[in-house]
>>> print(open('protein29.pdb').read())   # PDB, C-alpha atoms
ATOM      1  CA  MET C  20      18.562  -3.845  26.397
ATOM      2  CA  SER C  21      17.662  -5.863  23.321
ATOM      3  CA  LEU C  22      16.518  -9.431  23.994
ATOM      4  CA  SER C  23      16.879 -12.204  21.434
ATOM      5  CA  PRO C  24      13.911 -13.371  19.323
ATOM      6  CA  LEU C  25      12.237 -16.667  20.167
ATOM      7  CA  GLU C  26      14.012 -19.832  19.046
ATOM      8  CA  PRO C  27      12.509 -22.366  16.590
ATOM      9  CA  GLY C  28      10.209 -24.811  18.368
ATOM     10  CA  THR C  29       9.165 -22.286  21.030
ATOM     11  CA  PRO C  30       5.419 -21.848  21.590
ATOM     12  CA  ILE C  31       4.564 -18.242  20.754
ATOM     13  CA  ALA C  32       0.865 -18.470  21.657
ATOM     14  CA  PRO C  33      -1.562 -21.302  22.421
ATOM     15  CA  GLY C  34      -1.616 -23.532  19.349
ATOM     16  CA  TYR C  35       1.264 -21.764  17.582
ATOM     17  CA  GLU C  36       4.935 -22.778  17.437
ATOM     18  CA  VAL C  37       7.847 -20.792  16.027
ATOM     19  CA  ILE C  38       9.425 -22.200  12.866
ATOM     20  CA  ALA C  39      11.794 -19.298  12.202
ATOM     21  CA  HIS C  40      12.311 -15.631  13.019
ATOM     22  CA  LEU C  41      11.644 -13.566   9.888
ATOM     23  CA  SER C  42      12.350  -9.951  10.793
ATOM     24  CA  ARG C  43      12.683  -7.444  13.611
ATOM     25  CA  GLY C  44      11.457  -3.865  13.686
ATOM     26  CA  ARG C  45      11.903  -1.305  16.414
ATOM     27  CA  ARG C  46       8.859  -2.634  18.269
ATOM     28  CA  LEU C  47       7.837  -5.927  16.641
ATOM     29  CA  ASP C  48       9.186  -9.368  15.784
ATOM     30  CA  VAL C  49       7.712 -11.287  12.869
ATOM     31  CA  TYR C  50       7.812 -15.094  12.863
ATOM     32  CA  ASP C  51       7.147 -17.960  10.504
ATOM     33  CA  ALA C  52       5.022 -20.244  12.672
ATOM     34  CA  TRP C  53       3.059 -23.498  12.619
ATOM     35  CA  ASP C  54      -0.682 -23.282  13.217
ATOM     36  CA  GLY C  55      -1.665 -26.509  14.966
ATOM     37  CA  GLU C  56      -5.417 -26.041  14.552
ATOM     38  CA  ARG C  57      -5.354 -25.176  10.853
ATOM     39  CA  GLY C  58      -2.455 -27.511  10.115
ATOM     40  CA  CYS C  59      -0.518 -24.950   8.099
ATOM     41  CA  ARG C  60       2.176 -22.325   8.298
ATOM     42  CA  CYS C  61       1.255 -18.796   9.254
ATOM     43  CA  VAL C  62       2.895 -15.475  10.054
ATOM     44  CA  VAL C  63       2.794 -14.183  13.625
ATOM     45  CA  LYS C  64       3.505 -10.604  14.668
ATOM     46  CA  ALA C  65       4.500 -10.153  18.281
ATOM     47  CA  LEU C  66       5.977  -7.435  20.452
ATOM     48  CA  ARG C  67       9.716  -7.590  20.964
ATOM     49  CA  PRO C  68      10.440  -8.974  24.450
ATOM     50  CA  GLU C  69      11.692  -5.629  25.738
ATOM     51  CA  ARG C  70       8.532  -3.896  24.442
ATOM     52  CA  LEU C  71       6.005  -6.045  26.325
ATOM     53  CA  ASP C  72       5.255  -3.228  28.792
ATOM     54  CA  ASP C  73       4.879  -0.614  26.039
ATOM     55  CA  ALA C  74       1.162   0.199  26.108
ATOM     56  CA  ARG C  75       1.244   2.204  22.873
ATOM     57  CA  ALA C  76       3.015  -0.565  20.986
ATOM     58  CA  ARG C  77       0.540  -3.111  22.346
ATOM     59  CA  HIS C  78      -2.431  -0.998  21.305
ATOM     60  CA  ALA C  79      -1.043  -0.452  17.793
ATOM     61  CA  LEU C  80      -0.421  -4.184  17.274
ATOM     62  CA  LEU C  81      -3.905  -5.147  18.436
ATOM     63  CA  GLU C  82      -5.532  -2.457  16.288
ATOM     64  CA  GLU C  83      -3.690  -3.707  13.204
ATOM     65  CA  GLY C  84      -4.761  -7.266  13.950
ATOM     66  CA  ARG C  85      -8.407  -6.328  14.400
ATOM     67  CA  LEU C  86      -8.369  -4.474  11.094
ATOM     68  CA  LEU C  87      -6.829  -7.407   9.230
ATOM     69  CA  CYS C  88      -9.340  -9.827  10.704
ATOM     70  CA  ARG C  89     -12.283  -7.544   9.920
ATOM     71  CA  LEU C  90     -11.341  -6.758   6.322
ATOM     72  CA  ALA C  91     -11.243  -9.176   3.404
ATOM     73  CA  HIS C  92      -9.982  -8.365  -0.086
ATOM     74  CA  PRO C  93      -8.088 -10.449  -2.691
ATOM     75  CA  HIS C  94      -5.220  -7.945  -2.753
ATOM     76  CA  LEU C  95      -4.914  -7.548   1.024
ATOM     77  CA  VAL C  96      -3.215  -9.963   3.401
ATOM     78  CA  ARG C  97      -5.724 -11.880   5.518
ATOM     79  CA  GLY C  98      -5.719 -11.878   9.297
ATOM     80  CA  TYR C  99      -6.612 -15.128  11.073
ATOM     81  CA  GLU C 100      -6.955 -14.065  14.698
ATOM     82  CA  VAL C 101      -5.774 -11.750  17.444
ATOM     83  CA  LEU C 102      -4.689 -13.193  20.797
ATOM     84  CA  THR C 103      -3.965 -11.266  23.973
ATOM     85  CA  VAL C 104      -2.956 -14.099  26.343
ATOM     86  CA  PRO C 105      -0.283 -14.694  27.440
ATOM     87  CA  GLU C 106       1.019 -11.828  25.269
ATOM     88  CA  PRO C 107      -0.543  -9.977  22.332
ATOM     89  CA  VAL C 108       0.047 -11.537  18.902
ATOM     90  CA  VAL C 109      -1.524 -11.153  15.467
ATOM     91  CA  VAL C 110      -1.799 -14.264  13.292
ATOM     92  CA  MET C 111      -1.912 -13.840   9.502
ATOM     93  CA  GLU C 112      -1.815 -16.003   6.427
ATOM     94  CA  THR C 113       1.545 -16.923   4.905
ATOM     95  CA  LEU C 114       2.023 -15.354   1.486
ATOM     96  CA  GLY C 115       4.114 -16.933  -1.258
ATOM     97  CA  GLY C 116       6.233 -14.935  -3.646
ATOM     98  CA  GLN C 117       8.468 -12.046  -2.691
ATOM     99  CA  THR C 118       8.160  -8.373  -1.942
ATOM    100  CA  LEU C 119       8.024  -5.936  -4.812
ATOM    101  CA  GLY C 120      11.160  -4.337  -3.387
ATOM    102  CA  HIS C 121      13.105  -7.598  -3.738
ATOM    103  CA  MET C 122      11.702  -8.147  -7.225
ATOM    104  CA  ILE C 123      12.894  -4.725  -8.387
ATOM    105  CA  GLU C 124      16.273  -5.144  -6.709
ATOM    106  CA  ALA C 125      16.831  -8.536  -8.327
ATOM    107  CA  GLY C 126      15.216  -8.057 -11.723
ATOM    108  CA  GLY C 127      15.035  -4.333 -12.337
ATOM    109  CA  PRO C 128      11.979  -2.221 -13.167
ATOM    110  CA  LEU C 129       8.672  -3.724 -14.253
ATOM    111  CA  GLY C 130       7.392  -3.428 -17.791
ATOM    112  CA  THR C 131       4.572  -1.029 -18.528
ATOM    113  CA  GLU C 132       1.827  -3.666 -18.536
ATOM    114  CA  ASP C 133       3.014  -5.200 -15.266
ATOM    115  CA  ALA C 134       3.302  -1.778 -13.620
ATOM    116  CA  ALA C 135      -0.215  -0.864 -14.759
ATOM    117  CA  GLN C 136      -1.601  -4.168 -13.446
ATOM    118  CA  LEU C 137       0.179  -3.527 -10.155
ATOM    119  CA  GLY C 138      -1.439  -0.096  -9.952
ATOM    120  CA  LEU C 139      -4.895  -1.552 -10.593
ATOM    121  CA  GLN C 140      -4.474  -4.176  -7.897
ATOM    122  CA  LEU C 141      -3.112  -1.774  -5.291
ATOM    123  CA  GLY C 142      -5.769   0.756  -6.194
ATOM    124  CA  SER C 143      -8.469  -1.869  -5.712
ATOM    125  CA  ALA C 144      -7.175  -2.762  -2.238
ATOM    126  CA  VAL C 145      -6.699   0.848  -1.153
ATOM    127  CA  ARG C 146     -10.122   1.864  -2.459
ATOM    128  CA  TYR C 147     -11.600  -0.953  -0.358
ATOM    129  CA  LEU C 148      -9.726   0.271   2.718
ATOM    130  CA  HIS C 149     -11.036   3.781   2.172
ATOM    131  CA  ALA C 150     -14.594   2.493   1.784
ATOM    132  CA  ASN C 151     -14.136   0.921   5.226
ATOM    133  CA  GLY C 152     -12.910   4.147   6.788
ATOM    134  CA  VAL C 153      -9.170   3.390   6.826
ATOM    135  CA  LEU C 154      -6.109   5.035   5.257
ATOM    136  CA  HIS C 155      -3.076   2.779   4.739
ATOM    137  CA  LEU C 156      -0.424   5.551   4.878
ATOM    138  CA  ASP C 157       2.578   3.276   4.280
ATOM    139  CA  LEU C 158       2.433   2.173   0.650
ATOM    140  CA  LYS C 159       5.898   1.100  -0.476
ATOM    141  CA  PRO C 160       7.501  -1.802  -2.391
ATOM    142  CA  SER C 161       8.429  -3.675   0.781
ATOM    143  CA  ASN C 162       4.750  -3.694   1.795
ATOM    144  CA  VAL C 163       3.651  -5.396  -1.425
ATOM    145  CA  VAL C 164       4.057  -9.166  -1.849
ATOM    146  CA  ALA C 165       3.654 -10.481  -5.404
ATOM    147  CA  GLU C 166       3.287 -13.995  -6.746
ATOM    148  CA  ALA C 167       2.148 -15.203 -10.172
ATOM    149  CA  GLY C 168       0.907 -11.782 -11.200
ATOM    150  CA  ARG C 169      -1.051 -11.159  -8.017
ATOM    151  CA  ALA C 170      -0.050  -8.402  -5.612
ATOM    152  CA  ARG C 171      -1.043  -8.409  -1.938
ATOM    153  CA  LEU C 172      -0.791  -5.371   0.301
ATOM    154  CA  ILE C 173       0.528  -6.001   3.812
ATOM    155  CA  ASP C 174       1.249  -4.065   7.016
ATOM    156  CA  LEU C 175      -1.521  -1.911   8.454
ATOM    157  CA  SER C 176       0.645  -0.861  11.390
ATOM    158  CA  VAL C 177       0.151   2.886  10.823
ATOM    159  CA  ALA C 178      -3.313   2.659   9.225
ATOM    160  CA  ARG C 179      -5.914   4.977  10.712
ATOM    161  CA  PRO C 180      -9.142   6.810   9.872
ATOM    162  CA  PRO C 181      -8.957  10.057   7.892
ATOM    163  CA  GLY C 182      -8.387  13.149  10.000
ATOM    164  CA  ARG C 183      -5.659  15.012  11.792
ATOM    165  CA  ALA C 184      -2.382  13.205  12.467
ATOM    166  CA  ARG C 185       1.014  14.119  13.798
ATOM    167  CA  ALA C 186       3.894  14.754  11.412
ATOM    168  CA  GLY C 187       5.997  11.944  10.030
ATOM    169  CA  ILE C 188       3.661   8.928  10.020
ATOM    170  CA  GLY C 189       4.807   6.424   7.402
ATOM    171  CA  THR C 190       8.082   5.844   5.580
ATOM    172  CA  TRP C 191       9.945   9.034   4.810
ATOM    173  CA  CYS C 192      10.551   8.495   1.085
ATOM    174  CA  TYR C 193       7.059   7.269   0.248
ATOM    175  CA  MET C 194       4.900   9.509   2.425
ATOM    176  CA  ALA C 195       2.865  12.350   0.979
ATOM    177  CA  PRO C 196       3.907  15.925   1.828
ATOM    178  CA  GLU C 197       0.930  16.288   4.178
ATOM    179  CA  GLN C 198       2.116  13.210   6.079
ATOM    180  CA  ALA C 199       5.537  14.808   6.455
ATOM    181  CA  THR C 200       4.179  18.089   7.806
ATOM    182  CA  GLY C 201       1.291  16.657   9.803
ATOM    183  CA  GLY C 202      -2.292  17.843   9.736
ATOM    184  CA  SER C 203      -5.411  16.598   8.021
ATOM    185  CA  LEU C 204      -4.940  13.348   6.072
ATOM    186  CA  GLY C 205      -7.376  11.927   3.546
ATOM    187  CA  PRO C 206      -7.485   9.438   0.659
ATOM    188  CA  ALA C 207      -5.167  11.658  -1.391
ATOM    189  CA  ALA C 208      -2.277  10.612   0.880
ATOM    190  CA  ASP C 209      -2.640   7.017  -0.328
ATOM    191  CA  VAL C 210      -2.918   8.219  -3.935
ATOM    192  CA  TRP C 211       0.539   9.711  -3.422
ATOM    193  CA  GLY C 212       1.685   6.348  -2.041
ATOM    194  CA  ILE C 213       0.423   4.518  -5.126
ATOM    195  CA  GLY C 214       2.272   7.034  -7.296
ATOM    196  CA  ALA C 215       5.480   6.493  -5.324
ATOM    197  CA  VAL C 216       5.214   2.702  -5.712
ATOM    198  CA  LEU C 217       4.534   2.990  -9.453
ATOM    199  CA  PHE C 218       7.477   5.374  -9.798
ATOM    200  CA  GLU C 219       9.839   2.810  -8.306
ATOM    201  CA  ALA C 220       8.239  -0.030 -10.263
ATOM    202  CA  ALA C 221       8.792   1.857 -13.537
ATOM    203  CA  VAL C 222      12.228   3.353 -12.828
ATOM    204  CA  GLY C 223      13.840   0.929 -10.393
ATOM    205  CA  GLU C 224      14.515   3.503  -7.691
ATOM    206  CA  ALA C 225      12.516   5.575  -5.235
ATOM    207  CA  PRO C 226      11.228   9.032  -6.183
ATOM    208  CA  PHE C 227      13.704  10.790  -3.882
ATOM    209  CA  GLU C 228      17.274  10.132  -2.793
ATOM    210  CA  ASP C 229      17.792   9.116   0.816
ATOM    211  CA  PRO C 230      18.962  12.047   2.991
ATOM    212  CA  THR C 231      19.105   9.908   6.141
ATOM    213  CA  GLY C 232      21.777   7.366   5.282
ATOM    214  CA  GLU C 233      19.483   4.696   6.767
ATOM    215  CA  GLY C 234      17.941   3.452   3.517
ATOM    216  CA  THR C 235      14.652   4.352   1.894
ATOM    217  CA  ASP C 236      12.731   1.863   4.029
ATOM    218  CA  TYR C 237      13.254   3.880   7.208
ATOM    219  CA  ALA C 238       9.768   3.907   8.707
ATOM    220  CA  THR C 239       8.160   5.758  11.572
ATOM    221  CA  GLU C 240       6.085   3.298  13.550
ATOM    222  CA  SER C 241       3.044   4.571  15.345
ATOM    223  CA  SER C 242       4.388   3.890  18.838
ATOM    224  CA  ASP C 243       7.891   5.190  18.294
ATOM    225  CA  LEU C 244       9.082   8.276  20.133
ATOM    226  CA  ASP C 245      12.199   8.750  17.983
ATOM    227  CA  THR C 246      10.220  10.208  15.076
ATOM    228  CA  TYR C 247      12.184  11.188  11.999
ATOM    229  CA  THR C 248      11.902  14.975  11.616
ATOM    230  CA  GLY C 249      13.487  15.623   8.229
ATOM    231  CA  PRO C 250      14.807  16.692   5.847
ATOM    232  CA  TRP C 251      11.834  16.052   3.562
ATOM    233  CA  PRO C 252      12.766  16.205  -0.135
ATOM    234  CA  GLN C 253       9.097  15.932  -1.139
ATOM    235  CA  LEU C 254       8.491  19.314   0.500
ATOM    236  CA  GLU C 255      11.257  20.964  -1.487
ATOM    237  CA  ARG C 256      10.797  19.804  -5.079
ATOM    238  CA  PRO C 257       8.699  17.541  -7.282
ATOM    239  CA  PRO C 258      10.154  14.189  -8.372
ATOM    240  CA  ALA C 259      11.416  13.736 -11.903
ATOM    241  CA  ARG C 260       9.002  12.389 -14.491
ATOM    242  CA  VAL C 261       9.402   8.671 -14.991
ATOM    243  CA  ASP C 262       9.555   9.037 -18.791
ATOM    244  CA  GLU C 263      12.684  11.155 -18.316
ATOM    245  CA  LEU C 264      14.355   8.321 -16.399
ATOM    246  CA  ALA C 265      13.029   5.192 -18.134
ATOM    247  CA  ASP C 266      11.561   4.058 -21.431
ATOM    248  CA  VAL C 267       7.894   4.196 -20.457
ATOM    249  CA  PRO C 268       4.820   5.572 -22.233
ATOM    250  CA  VAL C 269       3.866   9.179 -21.641
ATOM    251  CA  ALA C 270       0.477   7.948 -20.403
ATOM    252  CA  LEU C 271       2.054   6.009 -17.523
ATOM    253  CA  ALA C 272       4.375   8.890 -16.684
ATOM    254  CA  GLU C 273       1.371  11.218 -16.540
ATOM    255  CA  VAL C 274      -0.483   8.944 -14.107
ATOM    256  CA  VAL C 275       2.530   8.862 -11.794
ATOM    257  CA  ALA C 276       3.099  12.619 -12.061
ATOM    258  CA  THR C 277      -0.502  13.467 -11.176
ATOM    259  CA  CYS C 278      -0.438  11.092  -8.184
ATOM    260  CA  LEU C 279       2.709  12.826  -6.925
ATOM    261  CA  ARG C 280       1.401  16.381  -7.051
ATOM    262  CA  ALA C 281       2.313  18.245  -3.873
ATOM    263  CA  ASP C 282      -1.189  19.622  -3.359
ATOM    264  CA  PRO C 283      -3.520  16.791  -2.314
ATOM    265  CA  ALA C 284      -6.498  18.637  -3.807
ATOM    266  CA  ARG C 285      -4.866  18.396  -7.268
ATOM    267  CA  ARG C 286      -4.297  14.635  -7.164
ATOM    268  CA  PRO C 287      -6.785  12.344  -8.907
ATOM    269  CA  ASP C 288      -9.005  10.083  -6.872
ATOM    270  CA  ILE C 289      -8.227   6.373  -6.932
ATOM    271  CA  ALA C 290     -10.987   5.521  -9.391
ATOM    272  CA  ASP C 291      -9.556   8.054 -11.867
ATOM    273  CA  VAL C 292      -6.101   6.511 -11.462
ATOM    274  CA  MET C 293      -7.502   3.087 -12.291
ATOM    275  CA  VAL C 294      -9.407   4.396 -15.313
ATOM    276  CA  SER C 295      -6.118   5.845 -16.611
ATOM    277  CA  LEU C 296      -4.123   2.665 -15.950
ATOM    278  CA  GLU C 297      -6.557   0.151 -17.432
ATOM    279  CA  PRO C 298      -5.698   0.771 -21.133
ATOM    280  CA  LEU C 299      -1.988   0.256 -20.291
ATOM    281  CA  THR C 300      -2.431  -3.235 -18.841
ATOM    282  CA  GLY C 301      -2.566  -5.123 -22.136
ATOM    283  CA  MET C 302      -6.027  -6.462 -21.337
ATOM    284  CA  PRO C 303      -8.477  -6.413 -24.252
ATOM    285  CA  PRO C 304     -11.108  -3.679 -23.991
ATOM    286  CA  SER C 305     -13.775  -6.342 -23.409
ATOM    287  CA  GLU C 306     -12.148  -7.024 -20.017
ATOM    288  CA  TRP C 307     -11.897  -3.404 -18.920
ATOM    289  CA  ARG C 308     -14.035  -2.728 -15.867
ATOM    290  CA  TRP C 309     -13.159   0.734 -14.600
ATOM    291  CA  LEU C 310     -13.618   2.479 -17.935
ATOM    292  CA  ARG C 311     -16.867   0.614 -18.487
ATOM    293  CA  ALA C 312     -18.144   1.638 -15.064
ATOM    294  CA  ARG C 313     -17.181   5.241 -15.755
ATOM    295  CA  SER C 314     -19.031   5.189 -19.074
ATOM    296  CA  SER C 315     -22.152   3.567 -17.618
ATOM    297  CA  SER C 316     -22.292   6.101 -14.798
ATOM    298  CA  ARG C 317     -22.609   9.033 -17.200
ATOM    299  CA  PRO C 318     -26.128  10.482 -17.325
ATOM    300  CA  ARG C 319     -28.122   9.487 -20.372
ATOM    301  CA  ARG C 320     -28.499  12.224 -22.957
ATOM    302  CA  THR C 321     -31.957  13.008 -24.263
ATOM    303  CA  ARG C 322     -32.319  12.861 -27.978
ATOM    304  CA  SER C 323     -31.990  16.226 -29.634
ATOM    305  CA  PRO C 324     -34.622  17.431 -32.116
ATOM    306  CA  ALA C 325     -32.129  16.830 -34.921
ATOM    307  CA  SER C 326     -32.178  13.088 -34.154
ATOM    308  CA  ARG C 327     -35.932  12.548 -34.311
ATOM    309  CA  ASP C 328     -35.865  11.794 -37.992
ATOM    310  CA  GLY C 329     -33.459   8.959 -37.464
ATOM    311  CA  GLN C 330     -30.309  10.958 -38.208
ATOM    312  CA  ALA C 331     -27.612  10.710 -35.579
ATOM    313  CA  SER C 332     -26.949  13.743 -33.473
ATOM    314  CA  PRO C 333     -23.329  14.961 -33.650
ATOM    315  CA  ARG C 334     -23.034  14.060 -29.934
ATOM    316  CA  SER C 335     -24.734  10.691 -30.045
ATOM    317  CA  CYS C 336     -21.486   8.782 -30.641
ATOM    318  CA  ALA C 337     -19.525  10.610 -27.977
TER     319      ALA C 337
END
>>> encode(input="protein29.pdb", output="structure tokens")
Amino acid sequence: MSLSPLEPGTPIAPGYEVIAHLSRGRRLDVYDAWDGERGCRCVVKALRPERLDDARARHALLEEGRLLCRLAHPHLVRGYEVLTVPEPVVVMETLGGQTLGHMIEAGGPLGTEDAAQLGLQLGSAVRYLHANGVLHLDLKPSNVVAEAGRARLIDLSVARPPGRARAGIGTWCYMAPEQATGGSLGPAADVWGIGAVLFEAAVGEAPFEDPTGEGTDYATESSDLDTYTGPWPQLERPPARVDELADVPVALAEVVATCLRADPARRPDIADVMVSLEPLTGMPPSEWRWLRARSSSRPRRTRSPASRDGQASPRSCA
């Protein structure tokens, strides 16, 4: 039996009052709320009333909250606190702007420079997660909130350390093939997710058509028992190249195509993705950071005998 969300004005936790119900998933309700201590609006995730006795759902919510409160990055939503009494809730900052999914639906695909900037910002956040031992595993336009050129990644509900995982964790259309089949998951799964987001940002539609009839945002939450079991188009064929579907540079299409390779061992690492995207952002070379870091990390070459007389070696300008 499904119970109604909390009404506006209802206390949701000590010091927090519901302003409005924002959304409902299969295990969670998300609320716009007033934070009495901070004197500002916030977002509160809570278990649906009929899920309060679901131990797995409770554990997943608390784990997400602890991650958000532990991690801090300019392109990642910030967690304020995790409360367990009287019921578990996660309190997060309120983000302005709108989801990337709504932006694409309302305004169409992004331009090349905007898509490349988006890739840099998501790559920066995901690289930070990986450095802290966490895979996101659910990169998709509805999990990106953008405002004034700044993208913020949200929703760590299926995030977990690298390692073995059951099949079907994530959102069917945006998950890497190894997420669909289950097994060992590593950073390459999130590289696929970045490629899927950039594909939709450049083309205006997801990399694969929906075989479920439930919409491309059908997600498998970590505590759900009704796991989606297929079909999986990403196991059957590669996606089209974005430069065959939209007027985008070959360089951007190549980045997306390499991210969406079926074999995780053949995908680039995130730093390589960012090096490839940086020249497409429209930033002047003086502001490039990833290419500069790549260049400075190369080992210094010793001068060849041919250069001792002051003549440049043929390799000295490489």
>>> closest_atom_pairs(input="protein29.pdb", of="region 95-152 of chain C", to="region 259-280 of chain C", cutoff="10 Å", atoms="all atoms listed in the file", output="tab-separated table")
residue	atom	partner	partner_atom	distance
C:Pro128	CA	C:Ala265	CA	9.0
C:Gly130	CA	C:Val267	CA	8.1
C:Thr131	CA	C:Val267	CA	6.5
C:Glu132	CA	C:Leu271	CA	9.7
C:Ala134	CA	C:Leu271	CA	8.8
C:Ala135	CA	C:Leu271	CA	7.7
C:Gly138	CA	C:Val275	CA	10.0
>>> atom_distance(input="protein29.pdb", atom1="CA of Pro304 (chain C)", atom2="CA of Phe218 (chain C)")
25.1 Å
>>> resolve_selection(input="protein29.pdb", expression="the PyMOL selection byres ((chain C and resi 96) around 12)", output="PyMOL selection string")
chain C and resi 61-62+83-84+86-95+97-99+110-115+141+144+162-165+169-175
>>> residues_near_point(input="protein29.pdb", point="(3.8, 3.3, -1.8)", cutoff="7 Å", atoms="only C-alpha atoms", output="count of residues only")
10
>>> closest_residue(input="protein29.pdb", among="C:Leu137, C:Arg75, C:Gly34, C:Gly28", to="Leu299 (chain C)", atoms="all atoms listed in the file")
C:Leu137
